[in-house]
$ cat coords.cif   # mmCIF, C-alpha atoms and all ligand atoms
data_target
loop_
_atom_site.label_atom_id
_atom_site.label_comp_id
_atom_site.auth_asym_id
_atom_site.auth_seq_id
_atom_site.Cartn_x
_atom_site.Cartn_y
_atom_site.Cartn_z
CA MET S 930 0.00 0.00 0.00
CA THR S 931 1.30 3.45 -0.85
CA ALA S 932 1.57 5.72 2.19
CA ILE S 933 -1.17 8.32 2.46
CA ASP S 934 -0.40 11.96 1.67
CA ASN S 935 -0.02 13.37 5.18
CA THR S 936 0.10 16.96 3.92
CA LEU S 937 -3.27 16.44 2.28
CA LEU S 938 -4.71 14.86 5.42
CA THR S 939 -3.32 17.67 7.61
CA ASP S 940 -4.83 20.27 5.27
CA ILE S 941 -8.23 18.58 5.38
CA GLU S 942 -8.11 18.23 9.19
CA ALA S 943 -7.22 21.93 9.50
CA ALA S 944 -10.06 22.94 7.14
CA ILE S 945 -12.53 20.82 9.13
CA ALA S 946 -11.32 22.26 12.45
CA ALA S 947 -11.57 25.85 11.15
CA ALA S 948 -15.08 25.43 9.73
CA PRO S 949 -17.77 27.31 11.67
CA ASP S 950 -20.37 24.53 11.56
CA ALA S 951 -21.02 20.96 10.41
CA THR S 952 -22.16 21.91 6.90
CA ALA S 953 -19.08 24.05 6.35
CA ALA S 954 -16.84 21.25 7.68
CA MET S 955 -18.34 18.76 5.20
CA THR S 956 -18.19 21.30 2.35
CA GLN S 957 -14.53 21.99 3.08
CA ALA S 958 -13.60 18.30 3.27
CA VAL S 959 -15.32 17.56 -0.05
CA ALA S 960 -13.74 20.60 -1.72
CA VAL S 961 -10.17 19.74 -0.70
CA LEU S 962 -10.55 16.06 -1.64
CA LYS S 963 -12.03 16.86 -5.06
CA ALA S 964 -9.45 19.58 -5.80
CA ARG S 965 -6.40 17.55 -4.80
CA LEU S 966 -7.22 14.06 -6.06
CA PRO S 967 -7.80 13.99 -9.83
CA HIS S 968 -9.30 10.49 -9.78
CA PHE S 969 -12.11 11.76 -7.53
CA THR S 970 -14.69 12.65 -10.20
CA TRP S 971 -17.61 13.05 -7.77
CA ALA S 972 -17.25 13.57 -4.02
CA GLY S 973 -20.07 13.88 -1.54
CA ILE S 974 -21.27 13.19 1.98
CA TYR S 975 -24.51 11.48 2.95
CA LEU S 976 -25.94 11.86 6.46
CA LEU S 977 -28.03 9.12 8.06
CA GLU S 978 -31.49 10.34 9.07
CA GLY S 979 -33.44 7.44 10.54
CA ASP S 980 -33.18 4.68 7.94
CA THR S 981 -32.36 7.01 5.05
CA LEU S 982 -29.06 8.41 3.78
CA VAL S 983 -29.62 12.04 2.80
CA LEU S 984 -27.21 13.78 0.43
CA GLY S 985 -25.37 16.72 1.95
CA PRO S 986 -22.50 18.73 0.43
CA PHE S 987 -21.12 17.32 -2.84
CA LEU S 988 -19.08 18.34 -5.88
CA GLY S 989 -19.66 16.86 -9.30
CA LYS S 990 -22.75 16.30 -11.38
CA PRO S 991 -26.04 16.41 -9.48
CA SER S 992 -27.04 12.90 -8.39
CA PRO S 993 -30.58 11.56 -8.75
CA HIS S 994 -29.97 9.70 -5.48
CA THR S 995 -30.45 12.41 -2.90
CA ARG S 996 -32.21 10.01 -0.49
CA ILE S 997 -31.05 6.37 -0.28
CA PRO S 998 -32.82 3.86 2.01
CA LEU S 999 -30.37 1.79 4.09
CA GLY S 1000 -31.19 -1.37 2.12
CA ARG S 1001 -30.20 0.10 -1.26
CA GLY S 1002 -27.03 0.85 -3.20
CA ILE S 1003 -23.37 0.61 -2.33
CA CYS S 1004 -24.10 3.50 0.02
CA GLY S 1005 -26.76 1.55 1.88
CA ALA S 1006 -24.51 -1.50 2.05
CA ALA S 1007 -21.59 0.40 3.59
CA ALA S 1008 -23.83 1.93 6.26
CA THR S 1009 -25.52 -1.41 7.03
CA GLU S 1010 -22.28 -3.39 7.11
CA LYS S 1011 -20.49 -0.56 8.96
CA ALA S 1012 -17.54 -1.06 6.66
CA SER S 1013 -15.77 0.76 3.85
CA ILE S 1014 -16.56 -0.65 0.40
CA ILE S 1015 -14.45 -0.31 -2.75
CA VAL S 1016 -16.11 -1.30 -6.04
CA ASP S 1017 -13.66 -1.62 -8.93
CA ASP S 1018 -16.39 -2.01 -11.58
CA VAL S 1019 -19.73 -0.52 -10.66
CA HIS S 1020 -21.44 -2.21 -13.64
CA ALA S 1021 -20.51 -5.62 -12.23
CA ASP S 1022 -22.05 -4.88 -8.81
CA PRO S 1023 -25.82 -5.52 -8.62
CA ARG S 1024 -26.10 -3.20 -5.60
CA TYR S 1025 -24.94 -0.17 -7.60
CA LEU S 1026 -27.30 2.80 -8.02
CA ALA S 1027 -26.15 4.82 -11.03
CA CYS S 1028 -25.38 8.47 -10.41
CA SER S 1029 -23.75 9.23 -13.77
CA ILE S 1030 -23.23 7.09 -16.86
CA GLU S 1031 -19.51 7.95 -16.82
CA THR S 1032 -18.91 6.45 -13.37
CA ARG S 1033 -16.80 3.29 -13.43
CA SER S 1034 -15.68 2.75 -9.82
CA GLU S 1035 -16.71 3.87 -6.34
CA ILE S 1036 -15.56 3.98 -2.71
CA VAL S 1037 -17.87 4.50 0.26
CA VAL S 1038 -16.52 5.05 3.78
CA PRO S 1039 -18.81 5.23 6.85
CA ILE S 1040 -18.52 8.07 9.36
CA PHE S 1041 -18.92 6.67 12.88
CA ALA S 1042 -19.96 8.66 15.94
CA PRO S 1043 -17.07 9.17 18.36
CA GLY S 1044 -17.16 6.53 21.09
CA PRO S 1045 -17.40 2.77 21.27
CA ASP S 1046 -20.86 2.08 19.81
CA GLN S 1047 -20.00 2.35 16.07
CA ARG S 1048 -23.17 4.35 15.37
CA VAL S 1049 -23.18 5.47 11.73
CA LEU S 1050 -23.60 9.24 11.32
CA GLY S 1051 -23.20 9.19 7.55
CA GLU S 1052 -20.63 8.38 4.93
CA ILE S 1053 -18.19 9.77 2.41
CA ASP S 1054 -19.00 8.65 -1.15
CA ILE S 1055 -16.52 9.07 -4.02
CA ASP S 1056 -17.07 8.10 -7.67
CA SER S 1057 -14.46 7.89 -10.40
CA ASP S 1058 -14.75 7.83 -14.16
CA ARG S 1059 -11.71 5.50 -14.12
CA PRO S 1060 -12.18 1.77 -13.60
CA ALA S 1061 -10.63 0.44 -10.37
CA ALA S 1062 -9.55 3.96 -9.41
CA PHE S 1063 -9.52 3.44 -5.64
CA SER S 1064 -6.79 1.80 -3.59
CA ASP S 1065 -6.29 0.95 0.03
CA THR S 1066 -4.44 4.27 0.30
CA ASP S 1067 -7.66 6.11 -0.62
CA ARG S 1068 -9.54 4.02 1.96
CA VAL S 1069 -7.07 4.85 4.74
CA LEU S 1070 -7.13 8.56 3.84
CA LEU S 1071 -10.95 8.70 3.70
CA GLU S 1072 -11.29 6.78 6.98
CA ALA S 1073 -9.03 9.42 8.59
CA VAL S 1074 -11.17 12.20 7.07
CA ALA S 1075 -14.29 10.44 8.42
CA ARG S 1076 -12.73 10.37 11.92
CA ALA S 1077 -11.95 14.10 11.65
CA LEU S 1078 -15.52 14.89 10.55
CA ALA S 1079 -17.26 12.72 13.16
CA PRO S 1080 -17.06 15.10 16.14
CA ARG S 1081 -18.44 17.95 13.98
CA LEU S 1082 -21.46 15.83 12.98
CA ALA S 1083 -22.24 14.06 16.28
N1 LIG R 1 -23.62 4.88 -6.43
C1 LIG R 1 -24.24 5.05 -5.13
C2 LIG R 1 -25.35 6.08 -5.21
C3 LIG R 1 -24.88 7.45 -4.97
S1 LIG R 1 -24.25 8.22 -6.33
O1 LIG R 1 -23.00 7.51 -6.69
C4 LIG R 1 -23.81 9.75 -5.95
C5 LIG R 1 -24.75 3.72 -4.62
O2 LIG R 1 -24.74 2.73 -5.33
O3 LIG R 1 -25.19 3.67 -3.48
#

$ encode --input "coords.cif" --output "structure tokens"
Amino acid sequence: MTAIDNTLLTDIEAAIAAAPDATAAMTQAVAVLKARLPHFTWAGIYLLEGDTLVLGPFLGKPSPHTRIPLGRGICGAAATEKASIIVDDVHADPRYLACSIETRSEIVVPIFAPGPDQRVLGEIDIDSDRPAAFSDTDRVLLEAVARALAPRLA
């Protein structure tokens, strides 16, 4: 696994810490990720409201999936399984809900509430127009971003 870009992570953590509220923190995180990682074609954050993931700040083409029930999509699977999911070929995954016809691969990383109970607050969702765009390095970076966001969302 390639080491994560600690300068990038530090910049995102600083942007999250400086944000005045939760929406600004999510907007900042999405903006820095999308600007600095060219394989991130679409970047957004869903927040869990009851049994539904509701789209919050995002950059990229508007998605038709602004509300995703927990049982649906890669997004629903990651929240239900409480685990990060990398899909190398979205067209080969029957769970996939299409956001854009150009999308080829996807990574979804849950955001857990601080503390021991692993409650899901939401998730970071990234799409790429490249097949198999996401590596373990992306997963580790996004899980660190999720940990930085969690206290702002809890
Ligand atoms: N592809 C996601 C839906 C969200 S859009 O990618 C923005 C899924 O399968 O859950």

$ closest_atom_pairs --input "coords.cif" --of "chain S" --to "ligand LIG 1 (chain R)" --cutoff "8 Å" --atoms "all atoms listed in the file" --output "JSON lines"
{"residue": "S:Trp971", "atom": "CA", "partner": "R:LIG1", "partner_atom": "C4", "distance": 7.3}
{"residue": "S:Ala972", "atom": "CA", "partner": "R:LIG1", "partner_atom": "C4", "distance": 7.8}
{"residue": "S:Gly973", "atom": "CA", "partner": "R:LIG1", "partner_atom": "C4", "distance": 7.1}
{"residue": "S:Pro991", "atom": "CA", "partner": "R:LIG1", "partner_atom": "C4", "distance": 7.9}
{"residue": "S:Ser992", "atom": "CA", "partner": "R:LIG1", "partner_atom": "C4", "distance": 5.1}
{"residue": "S:Pro993", "atom": "CA", "partner": "R:LIG1", "partner_atom": "C4", "distance": 7.5}
{"residue": "S:His994", "atom": "CA", "partner": "R:LIG1", "partner_atom": "C3", "distance": 5.6}
{"residue": "S:Thr995", "atom": "CA", "partner": "R:LIG1", "partner_atom": "C3", "distance": 7.7}
{"residue": "S:Ile997", "atom": "CA", "partner": "R:LIG1", "partner_atom": "O3", "distance": 7.2}
{"residue": "S:Arg1001", "atom": "CA", "partner": "R:LIG1", "partner_atom": "O3", "distance": 6.5}
{"residue": "S:Gly1002", "atom": "CA", "partner": "R:LIG1", "partner_atom": "O3", "distance": 3.4}
{"residue": "S:Ile1003", "atom": "CA", "partner": "R:LIG1", "partner_atom": "O3", "distance": 3.7}
{"residue": "S:Cys1004", "atom": "CA", "partner": "R:LIG1", "partner_atom": "O3", "distance": 3.7}
{"residue": "S:Gly1005", "atom": "CA", "partner": "R:LIG1", "partner_atom": "O3", "distance": 6.0}
{"residue": "S:Ala1006", "atom": "CA", "partner": "R:LIG1", "partner_atom": "O3", "distance": 7.6}
{"residue": "S:Val1019", "atom": "CA", "partner": "R:LIG1", "partner_atom": "N1", "distance": 7.9}
{"residue": "S:Arg1024", "atom": "CA", "partner": "R:LIG1", "partner_atom": "O2", "distance": 6.1}
{"residue": "S:Tyr1025", "atom": "CA", "partner": "R:LIG1", "partner_atom": "O2", "distance": 3.7}
{"residue": "S:Leu1026", "atom": "CA", "partner": "R:LIG1", "partner_atom": "O2", "distance": 3.7}
{"residue": "S:Ala1027", "atom": "CA", "partner": "R:LIG1", "partner_atom": "N1", "distance": 5.3}
{"residue": "S:Cys1028", "atom": "CA", "partner": "R:LIG1", "partner_atom": "S1", "distance": 4.2}
{"residue": "S:Ser1029", "atom": "CA", "partner": "R:LIG1", "partner_atom": "O1", "distance": 7.3}
{"residue": "S:Thr1032", "atom": "CA", "partner": "R:LIG1", "partner_atom": "O1", "distance": 7.9}
{"residue": "S:Glu1035", "atom": "CA", "partner": "R:LIG1", "partner_atom": "N1", "distance": 7.0}
{"residue": "S:Asp1054", "atom": "CA", "partner": "R:LIG1", "partner_atom": "C4", "distance": 6.9}
{"residue": "S:Ile1055", "atom": "CA", "partner": "R:LIG1", "partner_atom": "O1", "distance": 7.2}
{"residue": "S:Asp1056", "atom": "CA", "partner": "R:LIG1", "partner_atom": "O1", "distance": 6.0}

$ residues_around --input "coords.cif" --residues "Ile1014 of chain S" --least-positions-apart "3" --cutoff "7 Å" --atoms "only C-alpha atoms" --output "PyMOL selection string"
chain S and resi 1007+1036-1038

$ closest_residue --input "coords.cif" --among "S:Ile941, S:Ala1073, S:Ala946, S:Leu999" --to "Ala964 of chain S" --atoms "all atoms listed in the file"
S:Ile941

$ closest_residue --input "coords.cif" --among "S:Lys1011, S:His1020, S:Lys990, S:Arg1048" --to "Pro1060 of chain S" --atoms "only C-alpha atoms"
S:His1020

$ atom_distance --input "coords.cif" --atom1 "atom CA of Leu938 of chain S" --atom2 "atom CA of Tyr975 of chain S"
20.2 Å

$ residues_around --input "coords.cif" --residues "Ala958 of chain S" --least-positions-apart "5" --cutoff "8 Å" --atoms "all atoms listed in the file" --output "list in words"
Ile941, Ala944, Ile945 and Val1074 of chain S

$ closest_residue --input "coords.cif" --among "S:Thr981, S:Ser1057, S:Asn935, S:Gln1047" --to "Lys963 of chain S" --atoms "all atoms listed in the file"
S:Ser1057

$ atom_distance --input "coords.cif" --atom1 "atom CA of Asp1065 of chain S" --atom2 "atom CA of Glu978 of chain S"
28.4 Å

$ closest_residue --input "coords.cif" --among "S:Val961, S:Leu937, S:Val1069, S:Ile1040" --to "Ile1053 of chain S" --atoms "all atoms listed in the file"
S:Ile1040

$ closest_residue --input "coords.cif" --among "S:Asp940, S:Asp980, S:Glu1031, S:Asp934" --to "Leu1050 of chain S" --atoms "only C-alpha atoms"
S:Asp980

$ closest_residue --input "coords.cif" --among "S:Ala1042, S:Leu1070, S:Ala1062, S:Ile974" --to "Ala954 of chain S" --atoms "all atoms listed in the file"
S:Ile974

$ atom_distance --input "coords.cif" --atom1 "atom CA of Ala1079 of chain S" --atom2 "atom CA of Phe1041 of chain S"
6.3 Å
